[in-house]
>>> print(open('start36.txt').read())   # compact mmCIF, C-alpha atoms and all ligand atoms
# COMPACT_ATOMS: atom_id res chain seq x y z
CA MET A 30 154.27 117.57 56.13
CA ASN A 31 152.53 115.17 53.75
CA PHE A 32 153.73 111.67 54.45
CA LYS A 33 153.58 108.90 51.84
CA GLU A 34 150.23 107.02 51.88
CA GLU A 35 151.93 103.62 52.12
CA PHE A 36 153.73 104.78 55.30
CA LEU A 37 150.49 106.04 56.85
CA ASP A 38 148.90 102.63 56.17
CA LYS A 39 151.82 100.94 57.92
CA LEU A 40 151.42 103.27 60.91
CA LYS A 41 147.76 102.28 61.14
CA THR A 42 148.41 98.55 61.42
CA ALA A 43 151.86 98.39 63.01
CA LYS A 44 152.28 97.07 66.53
CA LYS A 45 156.05 96.97 67.00
CA LEU A 46 158.33 99.87 66.18
CA VAL A 47 162.10 99.97 66.33
CA PHE A 48 164.13 103.16 66.29
CA PHE A 49 167.71 102.53 65.22
CA THR A 50 169.45 105.78 66.07
CA GLY A 51 172.81 107.46 65.59
CA ALA A 52 174.60 110.68 66.45
CA GLY A 53 172.28 112.78 64.24
CA ILE A 54 169.35 112.42 66.64
CA SER A 55 171.39 114.19 69.33
CA ALA A 56 172.71 116.90 67.00
CA GLU A 57 169.81 119.23 67.83
CA SER A 58 170.68 118.83 71.53
CA GLY A 59 174.07 120.35 70.69
CA ILE A 60 176.17 117.18 70.55
CA ALA A 61 178.38 117.12 67.47
CA THR A 62 178.10 114.17 65.07
CA PHE A 63 181.15 112.15 64.10
CA ARG A 64 181.02 112.50 60.33
CA GLY A 65 179.51 114.99 57.92
CA LYS A 66 180.20 118.69 57.67
CA ASP A 67 179.93 119.49 61.39
CA GLY A 68 181.32 116.17 62.59
CA ILE A 69 183.83 116.25 65.47
CA TRP A 70 185.92 113.81 63.58
CA ASN A 71 186.58 116.27 60.82
CA LYS A 72 188.91 117.92 63.29
CA MET A 73 189.99 114.83 65.19
CA LYS A 74 190.64 111.48 63.56
CA PRO A 75 188.49 108.76 65.14
CA GLU A 76 191.07 106.07 64.63
CA GLU A 77 193.56 108.11 66.66
CA LEU A 78 191.38 108.29 69.76
CA ALA A 79 188.62 105.68 69.68
CA ASN A 80 190.78 102.58 69.87
CA PHE A 81 192.54 100.63 72.58
CA ASN A 82 196.07 101.22 71.28
CA ALA A 83 195.55 104.97 71.38
CA PHE A 84 194.39 104.66 74.98
CA MET A 85 197.45 102.62 75.98
CA LYS A 86 199.75 105.05 74.19
CA ASN A 87 198.25 108.15 75.71
CA PRO A 88 195.62 107.31 78.33
CA ASN A 89 195.42 110.86 79.67
CA LEU A 90 194.66 112.34 76.27
CA VAL A 91 191.90 109.81 75.52
CA TRP A 92 190.45 110.14 79.05
CA GLU A 93 190.39 113.94 78.74
CA TRP A 94 188.59 113.66 75.40
CA TYR A 95 185.85 111.61 77.07
CA GLN A 96 185.75 113.98 80.06
CA HIS A 97 185.17 116.85 77.65
CA ARG A 98 182.36 114.96 75.92
CA ARG A 99 180.80 113.98 79.28
CA GLN A 100 180.69 117.67 80.17
CA ILE A 101 178.82 118.42 76.95
CA VAL A 102 176.37 115.56 77.57
CA HIS A 103 175.73 116.73 81.15
CA ASN A 104 174.99 120.25 80.04
CA THR A 105 172.46 119.26 77.43
CA GLU A 106 168.91 117.92 77.30
CA PRO A 107 167.09 115.42 75.09
CA ASN A 108 165.37 117.16 72.16
CA ALA A 109 161.93 116.90 70.56
CA GLY A 110 163.05 113.84 68.55
CA HIS A 111 163.99 111.82 71.67
CA PHE A 112 160.76 112.89 73.38
CA ALA A 113 158.59 111.96 70.39
CA ILE A 114 160.05 108.43 70.36
CA ALA A 115 159.35 108.07 74.09
CA SER A 116 155.76 109.34 73.60
CA LEU A 117 155.10 106.76 70.87
CA GLU A 118 155.16 104.11 73.63
CA GLU A 119 151.61 105.21 74.35
CA TYR A 120 150.53 103.66 71.04
CA TYR A 121 153.07 100.96 70.14
CA ASP A 122 155.54 98.45 71.50
CA VAL A 123 158.65 100.60 70.99
CA THR A 124 162.29 99.49 71.15
CA VAL A 125 165.22 101.88 70.79
CA VAL A 126 168.43 100.42 69.40
CA THR A 127 171.02 103.13 69.66
CA GLN A 128 174.63 103.57 68.67
CA ASN A 129 174.81 106.61 70.93
CA ILE A 130 176.55 106.59 74.28
CA ASP A 131 174.90 109.78 75.57
CA ASN A 132 171.92 108.50 77.64
CA LEU A 133 169.53 110.98 76.02
CA HIS A 134 166.92 108.34 75.07
CA ARG A 135 166.77 107.20 78.69
CA ARG A 136 166.52 110.76 79.96
CA ALA A 137 163.66 111.37 77.49
CA GLY A 138 161.75 108.45 79.04
CA SER A 139 162.23 105.58 76.56
CA LYS A 140 162.04 102.29 78.45
CA LYS A 141 163.33 99.54 76.18
CA ILE A 142 166.80 100.53 75.01
CA PHE A 143 169.66 98.51 73.57
CA GLU A 144 172.99 100.35 73.63
CA LEU A 145 175.25 98.95 70.94
CA HIS A 146 178.33 101.07 71.62
CA GLY A 147 178.23 101.33 75.42
CA ASN A 148 177.57 104.26 77.71
CA ILE A 149 179.78 107.23 78.53
CA GLU A 150 178.68 107.23 82.20
CA ARG A 151 180.05 103.76 82.92
CA ASN A 152 183.71 102.88 83.24
CA TYR A 153 185.76 99.82 84.03
CA CYS A 154 189.26 98.75 85.00
CA ILE A 155 191.14 97.30 82.04
CA ASP A 156 192.88 94.74 84.30
CA CYS A 157 190.35 93.38 86.83
CA LYS A 158 187.18 94.58 84.96
CA THR A 159 185.63 96.20 88.06
CA PHE A 160 182.92 98.64 86.98
CA TYR A 161 182.79 102.22 88.20
CA GLU A 162 180.03 104.79 87.84
CA LEU A 163 181.42 108.19 87.00
CA GLN A 164 180.59 109.71 90.39
CA GLU A 165 182.55 106.97 92.18
CA LEU A 166 185.77 108.05 90.52
CA GLU A 167 187.99 110.53 92.25
CA LYS A 168 188.55 113.73 90.33
CA THR A 169 192.09 113.16 89.19
CA GLU A 170 194.23 114.95 86.69
CA GLY A 171 194.11 112.58 83.75
CA VAL A 172 193.02 108.97 83.82
CA PRO A 173 191.94 107.50 87.20
CA HIS A 174 193.26 104.18 88.56
CA CYS A 175 191.36 101.18 89.92
CA LYS A 176 190.90 101.16 93.72
CA LYS A 177 191.32 97.39 93.79
CA CYS A 178 194.29 96.72 91.54
CA GLY A 179 195.66 100.05 90.39
CA GLY A 180 194.82 99.34 86.73
CA LEU A 181 193.82 102.05 84.27
CA ILE A 182 190.12 102.91 84.07
CA ARG A 183 188.52 103.34 80.67
CA PRO A 184 185.04 104.37 79.52
CA ASP A 185 182.66 101.47 78.86
CA VAL A 186 182.29 102.30 75.18
CA VAL A 187 183.05 100.21 72.10
CA TRP A 188 186.16 101.26 70.24
CA PHE A 189 187.21 100.24 66.72
CA GLY A 190 188.34 96.64 66.61
CA GLU A 191 186.34 95.73 69.73
CA PHE A 192 183.33 93.44 69.94
CA LEU A 193 179.91 94.89 70.64
CA PRO A 194 178.19 93.71 73.86
CA GLN A 195 176.53 90.55 72.51
CA ASP A 196 173.36 90.80 74.61
CA GLN A 197 172.77 94.34 73.34
CA PHE A 198 173.48 93.47 69.71
CA ARG A 199 171.38 90.28 69.74
CA GLY A 200 168.53 92.00 71.59
CA GLY A 201 168.58 94.92 69.16
CA GLU A 202 168.77 92.67 66.11
CA ASN A 203 165.88 90.50 67.37
CA ALA A 204 163.68 93.51 68.04
CA ALA A 205 164.48 94.89 64.57
CA GLU A 206 163.65 91.57 62.90
CA GLN A 207 160.33 91.39 64.73
CA SER A 208 159.38 95.01 64.09
CA ASP A 209 156.66 96.14 61.71
CA ILE A 210 158.44 99.41 61.05
CA CYS A 211 162.15 100.05 61.58
CA PHE A 212 163.02 103.76 61.67
CA VAL A 213 166.66 104.56 60.95
CA VAL A 214 167.34 107.98 62.42
CA GLY A 215 170.40 110.23 62.17
CA THR A 216 173.04 107.67 61.30
CA SER A 217 175.46 107.52 58.38
CA ALA A 218 175.07 103.71 58.61
CA VAL A 219 178.73 103.08 57.80
CA VAL A 220 179.91 101.53 61.06
CA TYR A 221 179.53 97.76 61.32
CA PRO A 222 178.23 95.48 62.73
CA ALA A 223 175.62 98.03 63.94
CA ALA A 224 174.74 98.95 60.35
CA TYR A 225 173.61 95.35 59.73
CA ILE A 226 170.57 95.96 61.94
CA PRO A 227 168.35 97.76 59.40
CA THR A 228 169.40 95.24 56.74
CA SER A 229 168.38 92.34 59.00
CA ALA A 230 165.08 94.08 59.72
CA LYS A 231 164.36 94.52 56.01
CA ARG A 232 165.23 90.92 55.24
CA ALA A 233 162.79 89.83 57.94
CA GLY A 234 160.01 91.88 56.33
CA SER A 235 160.04 95.13 58.33
CA TYR A 236 159.25 98.43 56.58
CA ILE A 237 162.34 100.66 56.66
CA VAL A 238 161.87 104.40 57.15
CA GLU A 239 164.97 106.55 57.12
CA ILE A 240 165.06 110.01 58.68
CA ASN A 241 168.17 112.03 57.91
CA ILE A 242 169.16 115.49 56.73
CA GLU A 243 170.93 113.93 53.73
CA PRO A 244 171.08 110.67 51.75
CA THR A 245 173.16 107.88 53.30
CA GLU A 246 174.48 104.41 52.52
CA LEU A 247 171.04 103.10 53.40
CA THR A 248 168.89 105.39 51.28
CA ASN A 249 168.74 103.07 48.26
CA SER A 250 167.46 100.14 50.26
CA ALA A 251 165.04 102.07 52.53
CA ASP A 252 161.31 101.79 51.77
CA TYR A 253 160.85 105.46 52.53
CA SER A 254 163.41 108.22 53.13
CA ILE A 255 162.31 111.40 54.82
CA PHE A 256 164.87 114.18 54.53
CA GLY A 257 164.87 116.71 57.34
CA LYS A 258 165.86 117.19 60.98
CA SER A 259 164.78 114.38 63.28
CA GLY A 260 163.80 116.92 65.96
CA GLU A 261 161.17 118.20 63.51
CA ILE A 262 160.11 115.04 61.61
CA LEU A 263 159.63 112.75 64.63
CA PRO A 264 157.16 115.09 66.41
CA GLU A 265 155.24 115.33 63.10
CA ILE A 266 155.04 111.54 62.97
CA LEU A 267 153.79 111.51 66.57
CA ASN A 268 151.06 114.04 65.63
CA GLU A 269 150.08 111.93 62.65
CA VAL A 270 149.79 108.86 64.91
CA ARG A 271 147.62 110.80 67.35
CA ARG A 272 145.32 111.84 64.47
CA LEU A 273 145.13 108.27 63.13
CA LYS A 274 144.43 106.75 66.54
CA ALA A 275 141.78 109.40 67.37
CA LYS A 276 140.04 108.65 64.03
CA ASN A 277 140.11 104.91 64.71
CA SER A 278 138.56 105.25 68.14
CA ASN A 279 135.55 107.23 66.77
C1 LIG B 1 170.92 114.28 61.20
C2 LIG B 1 170.82 115.47 61.87
C3 LIG B 1 169.55 115.84 62.28
C4 LIG B 1 172.87 115.20 61.42
N1 LIG B 1 168.51 115.04 62.01
N2 LIG B 1 169.88 113.51 60.92
C5 LIG B 1 182.80 95.43 57.77
C6 LIG B 1 182.01 94.63 58.56
C7 LIG B 1 182.15 94.62 59.96
C8 LIG B 1 183.07 95.44 60.58
C9 LIG B 1 183.88 96.24 59.78
C10 LIG B 1 183.74 96.21 58.40
N3 LIG B 1 184.65 97.07 57.90
C11 LIG B 1 185.34 97.61 58.93
C12 LIG B 1 184.89 97.12 60.08
C13 LIG B 1 185.40 97.50 61.41
C14 LIG B 1 184.76 98.71 62.06
C15 LIG B 1 183.95 99.55 61.07
O1 LIG B 1 182.74 99.42 60.94
N4 LIG B 1 184.59 100.46 60.38
C16 LIG B 1 183.90 101.30 59.38
C17 LIG B 1 184.11 102.78 59.73
C18 LIG B 1 184.38 100.93 58.02
N5 LIG B 1 183.91 98.23 63.11
C19 LIG B 1 184.38 97.91 64.32
O2 LIG B 1 185.57 97.99 64.59
C20 LIG B 1 183.36 97.44 65.34
N6 LIG B 1 183.77 96.23 65.93
C21 LIG B 1 183.93 95.10 65.23
O3 LIG B 1 183.77 95.04 64.02
O4 LIG B 1 184.27 94.01 66.00
C22 LIG B 1 184.62 92.80 65.36
C23 LIG B 1 186.12 92.76 65.30
C24 LIG B 1 186.82 92.49 66.46
C25 LIG B 1 188.22 92.42 66.41
C26 LIG B 1 188.88 92.66 65.22
C27 LIG B 1 188.16 92.98 64.07
C28 LIG B 1 186.76 93.01 64.13
C29 LIG B 1 183.26 98.46 66.48
C30 LIG B 1 182.74 99.76 66.03
C31 LIG B 1 182.72 100.74 67.23
C32 LIG B 1 182.29 102.14 66.82
N7 LIG B 1 182.55 103.01 67.91
C33 LIG B 1 182.20 104.41 67.78
C34 LIG B 1 182.80 105.17 68.99
C35 LIG B 1 182.00 104.91 70.26
C36 LIG B 1 182.57 105.61 71.43
C37 LIG B 1 182.60 107.11 71.29
O5 LIG B 1 181.57 107.76 71.05
O6 LIG B 1 183.68 107.67 71.45
O7 LIG B 1 180.77 104.57 67.73
S1 LIG B 1 182.72 105.08 66.23
C38 LIG B 1 181.33 106.16 66.03
O8 LIG B 1 180.59 105.80 64.84
C39 LIG B 1 180.41 105.87 67.22
C40 LIG B 1 179.06 105.87 66.55
O9 LIG B 1 178.12 105.18 67.35
C41 LIG B 1 179.33 105.23 65.22
C42 LIG B 1 178.29 105.51 64.18
O10 LIG B 1 178.21 106.84 63.85
P1 LIG B 1 176.79 107.50 63.57
O11 LIG B 1 175.96 107.47 64.78
O12 LIG B 1 176.21 106.95 62.34
O13 LIG B 1 177.19 109.04 63.37
P2 LIG B 1 177.71 109.81 62.05
O14 LIG B 1 178.35 111.05 62.52
O15 LIG B 1 178.51 108.93 61.18
O16 LIG B 1 176.38 110.17 61.25
C43 LIG B 1 175.47 111.14 61.72
C44 LIG B 1 174.31 111.19 60.74
O17 LIG B 1 173.32 112.06 61.25
C45 LIG B 1 174.69 111.75 59.35
O18 LIG B 1 174.15 110.87 58.36
C46 LIG B 1 174.00 113.10 59.29
O19 LIG B 1 173.56 113.43 57.98
C47 LIG B 1 172.84 112.89 60.21
N8 LIG B 1 172.31 114.08 60.87
N9 LIG B 1 172.13 116.01 61.95
C48 LIG B 1 168.74 113.87 61.30
N10 LIG B 1 169.36 117.01 62.93
ZN ZN B 2 191.23 96.81 88.70
>>> encode(input="start36.txt", output="structure tokens", more="lines below")
Ligand code: BJW
Ligand code: ZN
Amino acid sequence: MNFKEEFLDKLKTAKKLVFFTGAGISAESGIATFRGKDGIWNKMKPEELANFNAFMKNPNLVWEWYQHRRQIVHNTEPNAGHFAIASLEEYYDVTVVTQNIDNLHRRAGSKKIFELHGNIERNYCIDCKTFYELQELEKTEGVPHCKKCGGLIRPDVVWFGEFLPQDQFRGGENAAEQSDICFVVGTSAVVYPAAYIPTSAKRAGSYIVEINIEPTELTNSADYSIFGKSGEILPEILNEVRRLKAKNSN
């Protein structure tokens, strides 16, 4: 692929990269996205399941939905896109700011990760806030209860109407503002406040590169939009970096 000259120049001088990622980066690992033509939420309305009231109304149904998604996550692997981001740490100071809850960046080897919407492996009691790793929970039919107080246990993810973990959001926003290039990968960029991150990065002077299979809300304000699958484009970027760095060292 022939990348834009301006982008190649940025890659030559950049020191700090941020990857702001969404469900699309995990699509090639077999995890369905939320929106778009193959989105899970075409079949299931997000508002009906990913909010606290839905959980209180039907905790078993919501818990089972997450159990089903955990199964999918466990049976899959990071793809070439996740691995390319982790490999770029060899050449740059790389920070991943992800909206995904699937752990695939960590499993691919990325070290600095901010998780804006939580993590599907962690859980906590809605009453006493005790945290539970998945393996600590007894295999019950439906939602498990807290060993300390009997309260309902929920996944440690951020539902609609809930605040994002402030340390993760602040950390991600800071990294984006300090980055030389902010890649926006596989996200429809419609869910706030996460979607403010690329905007903050741009305002602070970062170069915004979008990678998506189709135009999004962000396309007009991105400095460069590359249309294609992230599992193919990101390894090509890594190859380009390897060529540039090899040339520079001669
Ligand atoms: C590929 C590809 C390939 C495919 N290669 N690309 C204005 C300002 C601020 C807030 C709001 C606002 N208006 C409304 C709100 C509230 C709301 C919101 O943003 N709603 C919008 C939908 C309008 N936000 C909230 O409620 C947030 N909290 C909040 O605002 O707190 C303050 C508050 C407190 C109290 C009262 C009121 C306010 C919380 C948002 C939490 C989002 N949670 C979820 C679920 C997480 C748990 C779970 O997984 O079950 O997070 S929703 C869901 O969307 C999930 C995702 O992280 C998030 C973003 O989705 P993402 O990643 O972009 O995926 P998709 O599917 O949308 O896009 C995939 C993309 O990939 C597509 O573009 C494809 O083309 C592309 N793609 N294959 C490259 N191979
Ligand atoms: Zn409890």
>>> closest_residue(input="start36.txt", among="A:Lys45, A:Lys274, A:Lys176, A:Lys258", to="ligand LIG 1 (chain B)", atoms="all atoms listed in the file")
A:Lys258
>>> residues_near_ligand(input="start36.txt", ligand="ligand ZN 2 (chain B)", cutoff="10 Å", atoms="only C-alpha atoms and all ligand atoms", output="PyMOL selection string")
chain A and resi 153-160+174-182
>>> residues_near_ligand(input="start36.txt", ligand="ligand LIG 1 (chain B)", cutoff="8 Å", atoms="all atoms listed in the file", output="PDB file with C-alpha atoms, in the coordinates of the input")
ATOM      1  CA  THR A  50     169.450 105.780  66.070  1.00  0.00           C
ATOM      2  CA  GLY A  51     172.810 107.460  65.590  1.00  0.00           C
ATOM      3  CA  ALA A  52     174.600 110.680  66.450  1.00  0.00           C
ATOM      4  CA  GLY A  53     172.280 112.780  64.240  1.00  0.00           C
ATOM      5  CA  ILE A  54     169.350 112.420  66.640  1.00  0.00           C
ATOM      6  CA  SER A  55     171.390 114.190  69.330  1.00  0.00           C
ATOM      7  CA  ALA A  56     172.710 116.900  67.000  1.00  0.00           C
ATOM      8  CA  GLU A  57     169.810 119.230  67.830  1.00  0.00           C
ATOM      9  CA  ALA A  61     178.380 117.120  67.470  1.00  0.00           C
ATOM     10  CA  THR A  62     178.100 114.170  65.070  1.00  0.00           C
ATOM     11  CA  PHE A  63     181.150 112.150  64.100  1.00  0.00           C
ATOM     12  CA  ARG A  64     181.020 112.500  60.330  1.00  0.00           C
ATOM     13  CA  GLY A  65     179.510 114.990  57.920  1.00  0.00           C
ATOM     14  CA  GLY A  68     181.320 116.170  62.590  1.00  0.00           C
ATOM     15  CA  PRO A  75     188.490 108.760  65.140  1.00  0.00           C
ATOM     16  CA  LEU A  78     191.380 108.290  69.760  1.00  0.00           C
ATOM     17  CA  ALA A  79     188.620 105.680  69.680  1.00  0.00           C
ATOM     18  CA  TYR A  95     185.850 111.610  77.070  1.00  0.00           C
ATOM     19  CA  THR A 127     171.020 103.130  69.660  1.00  0.00           C
ATOM     20  CA  GLN A 128     174.630 103.570  68.670  1.00  0.00           C
ATOM     21  CA  ASN A 129     174.810 106.610  70.930  1.00  0.00           C
ATOM     22  CA  ILE A 130     176.550 106.590  74.280  1.00  0.00           C
ATOM     23  CA  LEU A 145     175.250  98.950  70.940  1.00  0.00           C
ATOM     24  CA  HIS A 146     178.330 101.070  71.620  1.00  0.00           C
ATOM     25  CA  GLY A 147     178.230 101.330  75.420  1.00  0.00           C
ATOM     26  CA  ILE A 149     179.780 107.230  78.530  1.00  0.00           C
ATOM     27  CA  VAL A 186     182.290 102.300  75.180  1.00  0.00           C
ATOM     28  CA  VAL A 187     183.050 100.210  72.100  1.00  0.00           C
ATOM     29  CA  TRP A 188     186.160 101.260  70.240  1.00  0.00           C
ATOM     30  CA  PHE A 189     187.210 100.240  66.720  1.00  0.00           C
ATOM     31  CA  GLY A 190     188.340  96.640  66.610  1.00  0.00           C
ATOM     32  CA  GLU A 191     186.340  95.730  69.730  1.00  0.00           C
ATOM     33  CA  PHE A 192     183.330  93.440  69.940  1.00  0.00           C
ATOM     34  CA  LEU A 193     179.910  94.890  70.640  1.00  0.00           C
ATOM     35  CA  VAL A 214     167.340 107.980  62.420  1.00  0.00           C
ATOM     36  CA  GLY A 215     170.400 110.230  62.170  1.00  0.00           C
ATOM     37  CA  THR A 216     173.040 107.670  61.300  1.00  0.00           C
ATOM     38  CA  SER A 217     175.460 107.520  58.380  1.00  0.00           C
ATOM     39  CA  ALA A 218     175.070 103.710  58.610  1.00  0.00           C
ATOM     40  CA  VAL A 219     178.730 103.080  57.800  1.00  0.00           C
ATOM     41  CA  VAL A 220     179.910 101.530  61.060  1.00  0.00           C
ATOM     42  CA  TYR A 221     179.530  97.760  61.320  1.00  0.00           C
ATOM     43  CA  PRO A 222     178.230  95.480  62.730  1.00  0.00           C
ATOM     44  CA  ALA A 223     175.620  98.030  63.940  1.00  0.00           C
ATOM     45  CA  ILE A 240     165.060 110.010  58.680  1.00  0.00           C
ATOM     46  CA  ASN A 241     168.170 112.030  57.910  1.00  0.00           C
ATOM     47  CA  ILE A 242     169.160 115.490  56.730  1.00  0.00           C
ATOM     48  CA  GLU A 243     170.930 113.930  53.730  1.00  0.00           C
ATOM     49  CA  PRO A 244     171.080 110.670  51.750  1.00  0.00           C
ATOM     50  CA  THR A 245     173.160 107.880  53.300  1.00  0.00           C
ATOM     51  CA  PHE A 256     164.870 114.180  54.530  1.00  0.00           C
ATOM     52  CA  GLY A 257     164.870 116.710  57.340  1.00  0.00           C
ATOM     53  CA  LYS A 258     165.860 117.190  60.980  1.00  0.00           C
ATOM     54  CA  SER A 259     164.780 114.380  63.280  1.00  0.00           C
ATOM     55  CA  GLY A 260     163.800 116.920  65.960  1.00  0.00           C
TER      56      GLY A 260
END
>>> closest_atom_pairs(input="start36.txt", of="region 186-267 of chain A", to="region 103-117 of chain A", cutoff="8 Å", atoms="all atoms listed in the file", output="JSON lines")
{"residue": "A:Ser259", "atom": "CA", "partner": "A:Gly110", "partner_atom": "CA", "distance": 5.6}
{"residue": "A:Gly260", "atom": "CA", "partner": "A:Gly110", "partner_atom": "CA", "distance": 4.1}
{"residue": "A:Glu261", "atom": "CA", "partner": "A:Gly110", "partner_atom": "CA", "distance": 6.9}
{"residue": "A:Ile262", "atom": "CA", "partner": "A:Gly110", "partner_atom": "CA", "distance": 7.6}
{"residue": "A:Leu263", "atom": "CA", "partner": "A:Gly110", "partner_atom": "CA", "distance": 5.3}
{"residue": "A:Pro264", "atom": "CA", "partner": "A:Ala113", "partner_atom": "CA", "distance": 5.3}
{"residue": "A:Leu267", "atom": "CA", "partner": "A:Ala113", "partner_atom": "CA", "distance": 6.2}
>>> residues_near_point(input="start36.txt", point="(145.7, 101.8, 60.8)", cutoff="10 Å", atoms="all atoms listed in the file", output="PyMOL selection string")
chain A and resi 37-44+270+273-274+276-277
>>> atom_distance(input="start36.txt", atom1="CA of Ile226 (chain A)", atom2="CA of Ala205 (chain A)")
6.7 Å
>>> atom_distance(input="start36.txt", atom1="CA of Pro184 (chain A)", atom2="CA of Glu150 (chain A)")
7.5 Å
>>> closest_residue(input="start36.txt", among="A:Lys33, A:Lys141, A:Arg135, A:Lys231", to="Ile266 (chain A)", atoms="all atoms listed in the file")
A:Lys33
>>> closest_residue(input="start36.txt", among="A:Glu265, A:Glu144, A:Glu167, A:Glu239", to="Gln195 (chain A)", atoms="all atoms listed in the file")
A:Glu144
>>> closest_residue(input="start36.txt", among="A:Val91, A:Phe81, A:Leu247, A:Tyr236", to="Ala224 (chain A)", atoms="only C-alpha atoms")
A:Leu247
>>> atom_distance(input="start36.txt", atom1="CA of Ser229 (chain A)", atom2="CA of Glu269 (chain A)")
27.1 Å
>>> closest_residue(input="start36.txt", among="A:Glu118, A:Glu246, A:Asp185, A:Asp131", to="Val47 (chain A)", atoms="only C-alpha atoms")
A:Glu118
